[in-house]
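Here's coords_25.cif, which has mmCIF, C-alpha atoms:
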```cif
data_input
#
loop_
_atom_site.group_PDB
_atom_site.id
_atom_site.type_symbol
_atom_site.label_atom_id
_atom_site.label_comp_id
_atom_site.auth_asym_id
_atom_site.auth_seq_id
_atom_site.Cartn_x
_atom_site.Cartn_y
_atom_site.Cartn_z
ATOM 1 C CA MET P 1437 57.359 115.966 -13.597
ATOM 2 C CA LYS P 1438 56.186 119.464 -14.511
ATOM 3 C CA THR P 1439 53.854 117.927 -17.087
ATOM 4 C CA HIS P 1440 52.194 115.742 -14.432
ATOM 5 C CA PHE P 1441 51.830 118.751 -12.131
ATOM 6 C CA TRP P 1442 50.243 120.803 -14.923
ATOM 7 C CA LEU P 1443 47.831 117.965 -15.864
ATOM 8 C CA ASN P 1444 46.789 117.462 -12.243
ATOM 9 C CA ASN P 1445 46.032 121.158 -11.879
ATOM 10 C CA LEU P 1446 44.074 121.170 -15.136
ATOM 11 C CA LEU P 1447 41.992 118.190 -14.010
ATOM 12 C CA ALA P 1448 41.304 119.822 -10.642
ATOM 13 C CA LEU P 1449 40.273 123.067 -12.317
ATOM 14 C CA THR P 1450 37.969 121.214 -14.739
ATOM 15 C CA PHE P 1451 36.345 119.393 -11.821
ATOM 16 C CA LEU P 1452 35.723 122.680 -9.990
ATOM 17 C CA VAL P 1453 34.182 124.271 -13.094
ATOM 18 C CA LEU P 1454 31.860 121.283 -13.579
ATOM 19 C CA LEU P 1455 30.915 121.338 -9.914
ATOM 20 C CA ALA P 1456 30.092 125.041 -10.088
ATOM 21 C CA ALA P 1457 28.009 124.484 -13.210
ATOM 22 C CA CYS P 1458 26.018 121.728 -11.520
ATOM 23 C CA GLY P 1459 25.482 123.939 -8.496
ATOM 24 C CA GLY P 1460 24.247 126.764 -10.693
ATOM 25 C CA GLU P 1461 21.868 124.451 -12.493
ATOM 26 C CA LYS P 1462 20.404 123.231 -9.208
ATOM 27 C CA GLU P 1463 19.919 126.811 -8.061
ATOM 28 C CA THR P 1464 18.068 127.670 -11.272
ATOM 29 C CA THR P 1465 15.791 124.690 -10.782
ATOM 30 C CA LYS P 1466 15.158 125.734 -7.213
ATOM 31 C CA VAL P 1467 14.146 129.236 -8.243
ATOM 32 C CA ALA P 1468 11.764 127.854 -10.884
ATOM 33 C CA SER P 1469 10.144 125.477 -8.389
ATOM 34 C CA ASP P 1470 9.569 128.376 -5.983
ATOM 35 C CA SER P 1471 7.389 130.197 -8.516
ATOM 36 C CA PRO P 1472 3.724 130.530 -7.546
ATOM 37 C CA VAL P 1473 1.159 128.437 -9.383
ATOM 38 C CA TYR P 1474 -1.375 130.324 -11.520
ATOM 39 C CA THR P 1475 -4.361 128.065 -12.203
ATOM 40 C CA LEU P 1476 -6.889 128.896 -14.908
ATOM 41 C CA VAL P 1477 -10.148 126.948 -14.968
ATOM 42 C CA PHE P 1478 -12.449 127.296 -17.980
ATOM 43 C CA LEU P 1479 -15.957 125.958 -17.360
ATOM 44 C CA ASP P 1480 -18.075 125.334 -20.441
ATOM 45 C CA LYS P 1481 -21.450 127.026 -19.969
ATOM 46 C CA THR P 1482 -22.889 126.313 -23.410
ATOM 47 C CA GLN P 1483 -25.778 124.072 -24.383
ATOM 48 C CA SER P 1484 -23.564 121.185 -25.464
ATOM 49 C CA VAL P 1485 -22.264 120.446 -21.937
ATOM 50 C CA ASN P 1486 -24.748 119.319 -19.295
ATOM 51 C CA VAL P 1487 -23.139 119.295 -15.841
ATOM 52 C CA ASN P 1488 -26.390 118.037 -14.317
ATOM 53 C CA LYS P 1489 -25.686 114.547 -15.635
ATOM 54 C CA ASN P 1490 -24.436 112.397 -12.757
ATOM 55 C CA TYR P 1491 -21.324 111.187 -14.581
ATOM 56 C CA VAL P 1492 -20.289 114.682 -15.671
ATOM 57 C CA HIS P 1493 -21.006 116.308 -12.314
ATOM 58 C CA GLU P 1494 -19.113 113.716 -10.287
ATOM 59 C CA LYS P 1495 -16.141 113.703 -12.655
ATOM 60 C CA TYR P 1496 -15.908 117.489 -12.728
ATOM 61 C CA ARG P 1497 -16.398 117.775 -8.960
ATOM 62 C CA GLN P 1498 -13.557 115.329 -8.285
ATOM 63 C CA VAL P 1499 -11.122 117.055 -10.651
ATOM 64 C CA LEU P 1500 -11.957 120.493 -9.217
ATOM 65 C CA THR P 1501 -11.347 119.141 -5.708
ATOM 66 C CA ASP P 1502 -7.964 117.786 -6.817
ATOM 67 C CA ILE P 1503 -7.064 121.147 -8.399
ATOM 68 C CA ILE P 1504 -7.670 122.991 -5.120
ATOM 69 C CA GLU P 1505 -5.757 120.385 -3.133
ATOM 70 C CA ASN P 1506 -2.742 120.159 -5.443
ATOM 71 C CA ASN P 1507 -2.375 123.687 -6.838
ATOM 72 C CA MET P 1508 -3.285 125.915 -3.894
ATOM 73 C CA LYS P 1509 -0.473 125.108 -1.485
ATOM 74 C CA ASN P 1510 1.600 128.242 -0.914
ATOM 75 C CA LYS P 1511 1.123 131.959 -0.403
ATOM 76 C CA GLY P 1512 0.632 133.605 -3.805
ATOM 77 C CA ASP P 1513 -0.849 130.565 -5.559
ATOM 78 C CA LYS P 1514 -3.760 131.908 -7.610
ATOM 79 C CA LEU P 1515 -6.937 130.489 -9.126
ATOM 80 C CA GLU P 1516 -9.132 132.173 -11.716
ATOM 81 C CA VAL P 1517 -12.314 130.772 -13.229
ATOM 82 C CA TYR P 1518 -13.763 131.784 -16.584
ATOM 83 C CA PHE P 1519 -16.987 130.647 -18.202
ATOM 84 C CA ILE P 1520 -16.710 129.383 -21.775
ATOM 85 C CA HIS P 1521 -19.465 130.827 -23.913
ATOM 86 C CA GLU P 1522 -19.932 133.577 -26.487
ATOM 87 C CA ASN P 1523 -17.795 136.081 -24.527
ATOM 88 C CA THR P 1524 -15.217 133.866 -22.801
ATOM 89 C CA SER P 1525 -12.376 136.361 -22.335
ATOM 90 C CA LYS P 1526 -14.699 138.771 -20.459
ATOM 91 C CA ALA P 1527 -16.433 136.073 -18.410
ATOM 92 C CA ARG P 1528 -14.232 135.879 -15.322
ATOM 93 C CA ALA P 1529 -16.373 134.338 -12.620
ATOM 94 C CA MET P 1530 -13.912 133.904 -9.744
ATOM 95 C CA SER P 1531 -10.447 134.991 -8.640
ATOM 96 C CA VAL P 1532 -8.812 133.878 -5.380
ATOM 97 C CA MET P 1533 -5.293 133.672 -3.984
ATOM 98 C CA VAL P 1534 -3.696 131.830 -1.072
ATOM 99 C CA ARG P 1535 -3.019 134.296 1.749
ATOM 100 C CA SER P 1536 -1.861 131.863 4.441
ATOM 101 C CA GLU P 1537 1.805 132.277 5.291
ATOM 102 C CA LYS P 1538 4.030 130.090 7.433
ATOM 103 C CA ASP P 1539 6.014 131.855 10.170
ATOM 104 C CA ASN P 1540 9.796 131.638 10.021
ATOM 105 C CA LEU P 1541 11.004 128.329 11.515
ATOM 106 C CA GLU P 1542 14.649 129.345 11.810
ATOM 107 C CA GLY P 1543 15.971 129.095 15.350
ATOM 108 C CA THR P 1544 12.714 127.757 16.781
ATOM 109 C CA SER P 1545 12.361 124.810 19.128
ATOM 110 C CA ALA P 1546 10.758 121.539 18.080
ATOM 111 C CA THR P 1547 7.616 122.433 20.037
ATOM 112 C CA ASP P 1548 7.352 125.877 18.416
ATOM 113 C CA ARG P 1549 7.971 124.398 14.971
ATOM 114 C CA GLU P 1550 5.135 121.940 15.462
ATOM 115 C CA ALA P 1551 2.812 124.730 16.594
ATOM 116 C CA ILE P 1552 3.757 126.888 13.575
ATOM 117 C CA GLU P 1553 3.244 123.993 11.140
ATOM 118 C CA THR P 1554 -0.143 123.140 12.700
ATOM 119 C CA SER P 1555 -1.318 126.756 12.621
ATOM 120 C CA TYR P 1556 -0.276 127.126 8.977
ATOM 121 C CA SER P 1557 -1.905 123.847 7.979
ATOM 122 C CA LEU P 1558 -5.202 124.809 9.641
ATOM 123 C CA SER P 1559 -5.186 128.251 8.005
ATOM 124 C CA LEU P 1560 -4.430 126.774 4.565
ATOM 125 C CA GLN P 1561 -7.108 124.082 4.867
ATOM 126 C CA LYS P 1562 -9.661 126.727 5.855
ATOM 127 C CA GLU P 1563 -8.797 128.741 2.740
ATOM 128 C CA LYS P 1564 -8.963 125.650 0.542
ATOM 129 C CA GLY P 1565 -12.394 124.796 1.931
ATOM 130 C CA ILE P 1566 -13.687 128.277 1.079
ATOM 131 C CA PHE P 1567 -12.155 128.123 -2.404
ATOM 132 C CA LEU P 1568 -13.667 124.720 -3.120
ATOM 133 C CA ARG P 1569 -17.165 125.779 -2.054
ATOM 134 C CA GLN P 1570 -16.947 128.834 -4.313
ATOM 135 C CA LEU P 1571 -15.594 126.750 -7.198
ATOM 136 C CA LEU P 1572 -18.306 124.085 -6.951
ATOM 137 C CA ALA P 1573 -20.943 126.832 -6.860
ATOM 138 C CA LYS P 1574 -19.549 128.111 -10.168
ATOM 139 C CA LEU P 1575 -19.722 124.597 -11.597
ATOM 140 C CA ASP P 1576 -23.435 124.412 -10.753
ATOM 141 C CA GLN P 1577 -24.241 127.926 -11.972
ATOM 142 C CA GLN P 1578 -26.517 127.805 -15.007
ATOM 143 C CA ASN P 1579 -26.248 129.973 -18.102
ATOM 144 C CA THR P 1580 -29.704 130.483 -19.549
ATOM 145 C CA GLY P 1581 -28.804 133.582 -21.559
ATOM 146 C CA SER P 1582 -28.206 133.801 -25.295
ATOM 147 C CA SER P 1583 -24.419 133.533 -24.758
ATOM 148 C CA ASN P 1584 -24.857 129.754 -24.372
ATOM 149 C CA GLN P 1585 -25.334 129.517 -28.147
ATOM 150 C CA SER P 1586 -21.613 129.997 -28.943
ATOM 151 C CA THR P 1587 -18.439 128.303 -27.685
ATOM 152 C CA ASP P 1588 -15.462 130.644 -28.039
ATOM 153 C CA ILE P 1589 -12.449 128.675 -26.798
ATOM 154 C CA TRP P 1590 -10.015 130.765 -28.862
ATOM 155 C CA ALA P 1591 -10.857 133.642 -26.516
ATOM 156 C CA SER P 1592 -9.164 131.777 -23.671
ATOM 157 C CA LEU P 1593 -5.750 132.332 -25.289
ATOM 158 C CA PRO P 1594 -5.348 136.038 -24.361
ATOM 159 C CA VAL P 1595 -6.318 135.082 -20.799
ATOM 160 C CA ILE P 1596 -3.528 132.471 -20.715
ATOM 161 C CA ALA P 1597 -1.074 134.945 -22.273
ATOM 162 C CA LYS P 1598 -1.841 137.464 -19.530
ATOM 163 C CA ALA P 1599 -1.240 134.831 -16.837
ATOM 164 C CA ASN P 1600 2.059 133.938 -18.514
ATOM 165 C CA GLU P 1601 3.231 137.548 -18.128
ATOM 166 C CA THR P 1602 3.265 137.130 -14.333
ATOM 167 C CA GLY P 1603 6.159 134.647 -14.452
ATOM 168 C CA ALA P 1604 4.159 132.081 -12.486
ATOM 169 C CA GLU P 1605 3.819 128.403 -13.351
ATOM 170 C CA VAL P 1606 0.605 128.363 -15.388
ATOM 171 C CA LYS P 1607 -1.766 125.395 -15.320
ATOM 172 C CA VAL P 1608 -4.862 125.453 -17.531
ATOM 173 C CA TYR P 1609 -7.949 123.256 -17.232
ATOM 174 C CA TYR P 1610 -10.788 123.087 -19.755
ATOM 175 C CA PHE P 1611 -13.988 121.472 -18.501
ATOM 176 C CA SER P 1612 -15.482 121.261 -21.958
ATOM 177 C CA ASP P 1613 -16.276 119.150 -25.002
ATOM 178 C CA MET P 1614 -13.912 121.569 -26.844
ATOM 179 C CA VAL P 1615 -16.352 121.965 -29.727
ATOM 180 C CA GLU P 1616 -15.417 125.456 -30.901
ATOM 181 C CA SER P 1617 -18.534 127.011 -32.385
ATOM 182 C CA VAL P 1618 -18.416 130.637 -33.473
ATOM 183 C CA LYS P 1619 -20.173 132.091 -36.493
ATOM 184 C CA GLY P 1620 -18.390 134.383 -38.916
ATOM 185 C CA ALA P 1621 -15.542 134.499 -41.389
ATOM 186 C CA ASP P 1622 -12.218 132.964 -40.326
ATOM 187 C CA ARG P 1623 -13.796 131.187 -37.360
ATOM 188 C CA ARG P 1624 -14.378 127.505 -36.597
ATOM 189 C CA ASP P 1625 -17.770 125.916 -36.067
ATOM 190 C CA PHE P 1626 -17.123 122.281 -35.213
ATOM 191 C CA HIS P 1627 -20.868 121.646 -34.847
ATOM 192 C CA VAL P 1628 -21.227 122.378 -38.549
ATOM 193 C CA ASN P 1629 -17.833 121.362 -39.921
ATOM 194 C CA PRO P 1630 -15.724 119.237 -37.571
ATOM 195 C CA PRO P 1631 -12.376 117.799 -38.722
ATOM 196 C CA LYS P 1632 -12.965 114.445 -40.411
ATOM 197 C CA ASN P 1633 -9.541 112.956 -39.650
ATOM 198 C CA ASP P 1634 -6.302 113.789 -37.840
ATOM 199 C CA ALA P 1635 -4.693 115.134 -41.015
ATOM 200 C CA GLN P 1636 -7.465 117.698 -41.439
ATOM 201 C CA ALA P 1637 -7.322 118.526 -37.711
ATOM 202 C CA GLU P 1638 -3.604 119.289 -38.009
ATOM 203 C CA GLU P 1639 -4.131 121.314 -41.186
ATOM 204 C CA ASP P 1640 -6.864 123.387 -39.530
ATOM 205 C CA ALA P 1641 -4.803 123.942 -36.380
ATOM 206 C CA LYS P 1642 -1.735 125.097 -38.300
ATOM 207 C CA ALA P 1643 -3.868 127.434 -40.440
ATOM 208 C CA ASP P 1644 -5.416 128.928 -37.291
ATOM 209 C CA LEU P 1645 -1.993 129.279 -35.686
ATOM 210 C CA LYS P 1646 -1.274 132.227 -38.000
ATOM 211 C CA LYS P 1647 -4.169 134.121 -36.402
ATOM 212 C CA LEU P 1648 -3.489 133.016 -32.819
ATOM 213 C CA GLU P 1649 0.302 133.026 -32.443
ATOM 214 C CA GLN P 1650 0.067 136.698 -31.399
ATOM 215 C CA TYR P 1651 -0.873 135.341 -27.964
ATOM 216 C CA VAL P 1652 2.325 134.415 -26.141
ATOM 217 C CA ILE P 1653 1.028 131.720 -23.813
ATOM 218 C CA GLY P 1654 4.443 130.468 -22.681
ATOM 219 C CA SER P 1655 4.560 126.773 -21.808
ATOM 220 C CA PRO P 1656 1.468 126.090 -19.684
ATOM 221 C CA LEU P 1657 0.360 122.622 -18.672
ATOM 222 C CA VAL P 1658 -3.001 122.125 -20.397
ATOM 223 C CA THR P 1659 -5.585 119.567 -19.273
ATOM 224 C CA ILE P 1660 -8.882 118.917 -21.044
ATOM 225 C CA ILE P 1661 -11.543 117.320 -18.854
ATOM 226 C CA SER P 1662 -14.162 116.001 -21.261
ATOM 227 C CA PRO P 1663 -17.806 115.399 -20.325
ATOM 228 C CA PHE P 1664 -17.986 112.153 -22.275
ATOM 229 C CA GLU P 1665 -18.430 108.738 -20.720
ATOM 230 C CA PRO P 1666 -15.932 106.017 -21.724
ATOM 231 C CA THR P 1667 -18.666 104.331 -23.782
ATOM 232 C CA ALA P 1668 -19.393 107.464 -25.853
ATOM 233 C CA SER P 1669 -19.286 106.968 -29.625
ATOM 234 C CA SER P 1670 -16.714 108.723 -31.811
ATOM 235 C CA LYS P 1671 -19.604 110.675 -33.335
ATOM 236 C CA GLU P 1672 -20.383 112.141 -29.912
ATOM 237 C CA ASN P 1673 -16.763 112.403 -28.729
ATOM 238 C CA ASN P 1674 -14.894 113.248 -31.931
ATOM 239 C CA PRO P 1675 -11.203 112.329 -31.388
ATOM 240 C CA HIS P 1676 -10.193 114.596 -34.284
ATOM 241 C CA VAL P 1677 -11.493 117.646 -32.403
ATOM 242 C CA THR P 1678 -9.214 116.700 -29.513
ATOM 243 C CA HIS P 1679 -6.333 116.267 -31.963
ATOM 244 C CA TYR P 1680 -6.990 119.762 -33.322
ATOM 245 C CA TRP P 1681 -6.542 121.272 -29.849
ATOM 246 C CA GLN P 1682 -3.516 119.134 -29.029
ATOM 247 C CA THR P 1683 -1.857 120.299 -32.240
ATOM 248 C CA LEU P 1684 -2.795 123.949 -31.731
ATOM 249 C CA PHE P 1685 -1.584 124.099 -28.125
ATOM 250 C CA GLN P 1686 1.657 122.298 -28.949
ATOM 251 C CA GLU P 1687 2.317 124.689 -31.832
ATOM 252 C CA LEU P 1688 1.681 127.625 -29.477
ATOM 253 C CA GLY P 1689 4.294 126.204 -27.072
ATOM 254 C CA ALA P 1690 2.316 124.403 -24.361
ATOM 255 C CA GLY P 1691 4.455 122.287 -22.056
ATOM 256 C CA SER P 1692 1.962 119.419 -22.224
ATOM 257 C CA VAL P 1693 -1.597 118.712 -23.377
ATOM 258 C CA GLU P 1694 -3.475 115.971 -21.535
ATOM 259 C CA GLU P 1695 -7.054 114.728 -21.780
ATOM 260 C CA LEU P 1696 -8.962 113.214 -18.866
#
```
Do you think you could lay out the structure here as C-alpha cells?
Amino acid sequence: MKTHFWLNNLLALTFLVLLAACGGEKETTKVASDSPVYTLVFLDKTQSVNVNKNYVHEKYRQVLTDIIENNMKNKGDKLEVYFIHENTSKARAMSVMVRSEKDNLEGTSATDREAIETSYSLSLQKEKGIFLRQLLAKLDQQNTGSSNQSTDIWASLPVIAKANETGAEVKVYYFSDMVESVKGADRRDFHVNPPKNDAQAEEDAKADLKKLEQYVIGSPLVTIISPFEPTASSKENNPHVTHYWQTLFQELGAGSVEEL
C-alpha cells in the first residue's frame, strides 16, 4: 500500500516537473519572438548589376516592398541600407526605425480598442510608406564614381556582426550577383577566377573562413536576390559562386541561406 502511495506521488511530481519545463520553454520562445527585427539590405552598386533593366528593377522593387511590409511591423524594428561597392562597410545609405506604438488595450472597451487599433495601423502604414519611398530611391540611385569598379561583399560581415550585438533578430538581404571582386593578396576576384565546381567553391569558402570567422554574425537569415533572369546561362549566373556564399555563410553560423 505504501509502495503504491509512493509511486503515485513520484508520478505526480514527475508530471509537475515536465509541465514546468514545458512552460519555461514556451516562455523562452515568447521572449525570442518579441525581439525587434533588424533588417540589413545590401544594394549592389557596381558595374555588373544594372537595375535599369525591367526584369531586375521589377524584381528588386517587389522584394523591397515585401521587406518593408513583413519586417517593419513593431516599434523598434530597424532597417539599414548599405551600398555594395569598393567601400561597402562605410557605405551606409539609409537607417530608419519604426516609431509607431500601440496604446495599452488593457481595460478598454471594444469601441476604444477598435479606435486604438485603427490609429496604430494608420500610423504604421504612414511610416511604411515613407520607408518604402526612401528605399526605392536608394535602389534607383546611380554610382558613377570609381568605387563601382570593385565588389567587396566580405565587408558586409562586420556590419552584420554589429547588428548581431544588439540581440535583435537579424535578417540580411543581398541584391547582388554576389561576384566578389577585390584586387590584392588574399582576396577573391570572381570576375578573374571564379570557382569552377562546387568542390572548389567549398574549398575556397573554408579557406576564407579562417580570415572571416573573427566576425561573429550570429545566426542571421540570409537571402540573396539575384539579378539574373530564369533563362540566364550558367556562364552568366555561375551556380558555383552561389555555392561559395552558401558554404561561407553556413560555416559562419547563418540560420539559413536562400536565393531568390
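Proximity to Thr1678 (chain P) was assessed for P:Lys1632, P:Lys1495, P:His1521, P:Lys1646 counting all atoms listed in the file; the smallest distance is recorded for P:Lys1632.
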Practice task
Pick out the residues sitting within 10 Å of region 1565-1571 of chain P, and hand them over as a list in words; count all atoms listed in the file, and ignore anything fewer than 6 positions along from it in its own chain.
Solution key: Val1477, Arg1497, Leu1500, Thr1501, Asp1502, Ile1503, Ile1504, Glu1505, Met1508, Leu1515, Glu1516, Val1517, Ala1529, Met1530, Ser1531, Val1532, Met1533, Val1534 and Gln1577 of chain P
Saved selection, atoms kept: C-alpha atoms, as a tab-separated table (two decimals), keeping the file's coordinate frame:
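This is the output file result-v4.tsv:
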```tsv
chain	number	residue	atom	x	y	z
P	1477	VAL	CA	-10.15	126.95	-14.97
P	1497	ARG	CA	-16.40	117.78	-8.96
P	1500	LEU	CA	-11.96	120.49	-9.22
P	1501	THR	CA	-11.35	119.14	-5.71
P	1502	ASP	CA	-7.96	117.79	-6.82
P	1503	ILE	CA	-7.06	121.15	-8.40
P	1504	ILE	CA	-7.67	122.99	-5.12
P	1505	GLU	CA	-5.76	120.38	-3.13
P	1508	MET	CA	-3.28	125.92	-3.89
P	1515	LEU	CA	-6.94	130.49	-9.13
P	1516	GLU	CA	-9.13	132.17	-11.72
P	1517	VAL	CA	-12.31	130.77	-13.23
P	1529	ALA	CA	-16.37	134.34	-12.62
P	1530	MET	CA	-13.91	133.90	-9.74
P	1531	SER	CA	-10.45	134.99	-8.64
P	1532	VAL	CA	-8.81	133.88	-5.38
P	1533	MET	CA	-5.29	133.67	-3.98
P	1534	VAL	CA	-3.70	131.83	-1.07
P	1577	GLN	CA	-24.24	127.93	-11.97
```
Completion exercise
If you count all atoms listed in the file, the residue of P:Ala1690, P:Ile1661, P:Leu1648, P:Ala1527 closest to Met1614 (chain P) turns out to be P:Ile1661
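When only C-alpha atoms are used to compute distances to Ser1471 (chain P), the closest of the residues P:Leu1575, P:Ile1520, P:Ala1604, P:Ala1591 turns out to be P:Ala1604.
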For Val1595 (chain P), find every residue with an atom within 12 Å (counting only C-alpha atoms), except residues of its own chain fewer than 5 positions away, and show them as a PDB file with C-alpha atoms, in the coordinates of the input.
```
ATOM      1  CA  TYR P1474      -1.375 130.324 -11.520  1.00  0.00           C
ATOM      2  CA  THR P1475      -4.361 128.065 -12.203  1.00  0.00           C
ATOM      3  CA  LEU P1476      -6.889 128.896 -14.908  1.00  0.00           C
ATOM      4  CA  VAL P1477     -10.148 126.948 -14.968  1.00  0.00           C
ATOM      5  CA  PHE P1478     -12.449 127.296 -17.980  1.00  0.00           C
ATOM      6  CA  GLU P1516      -9.132 132.173 -11.716  1.00  0.00           C
ATOM      7  CA  VAL P1517     -12.314 130.772 -13.229  1.00  0.00           C
ATOM      8  CA  TYR P1518     -13.763 131.784 -16.584  1.00  0.00           C
ATOM      9  CA  PHE P1519     -16.987 130.647 -18.202  1.00  0.00           C
ATOM     10  CA  ILE P1520     -16.710 129.383 -21.775  1.00  0.00           C
ATOM     11  CA  THR P1524     -15.217 133.866 -22.801  1.00  0.00           C
ATOM     12  CA  SER P1525     -12.376 136.361 -22.335  1.00  0.00           C
ATOM     13  CA  LYS P1526     -14.699 138.771 -20.459  1.00  0.00           C
ATOM     14  CA  ALA P1527     -16.433 136.073 -18.410  1.00  0.00           C
ATOM     15  CA  ARG P1528     -14.232 135.879 -15.322  1.00  0.00           C
ATOM     16  CA  ILE P1589     -12.449 128.675 -26.798  1.00  0.00           C
ATOM     17  CA  TRP P1590     -10.015 130.765 -28.862  1.00  0.00           C
ATOM     18  CA  ASN P1600       2.059 133.938 -18.514  1.00  0.00           C
ATOM     19  CA  GLU P1601       3.231 137.548 -18.128  1.00  0.00           C
ATOM     20  CA  THR P1602       3.265 137.130 -14.333  1.00  0.00           C
ATOM     21  CA  VAL P1606       0.605 128.363 -15.388  1.00  0.00           C
ATOM     22  CA  VAL P1608      -4.862 125.453 -17.531  1.00  0.00           C
ATOM     23  CA  TYR P1651      -0.873 135.341 -27.964  1.00  0.00           C
ATOM     24  CA  VAL P1652       2.325 134.415 -26.141  1.00  0.00           C
ATOM     25  CA  ILE P1653       1.028 131.720 -23.813  1.00  0.00           C
ATOM     26  CA  GLY P1654       4.443 130.468 -22.681  1.00  0.00           C
ATOM     27  CA  PRO P1656       1.468 126.090 -19.684  1.00  0.00           C
TER      28      PRO P1656
END
```
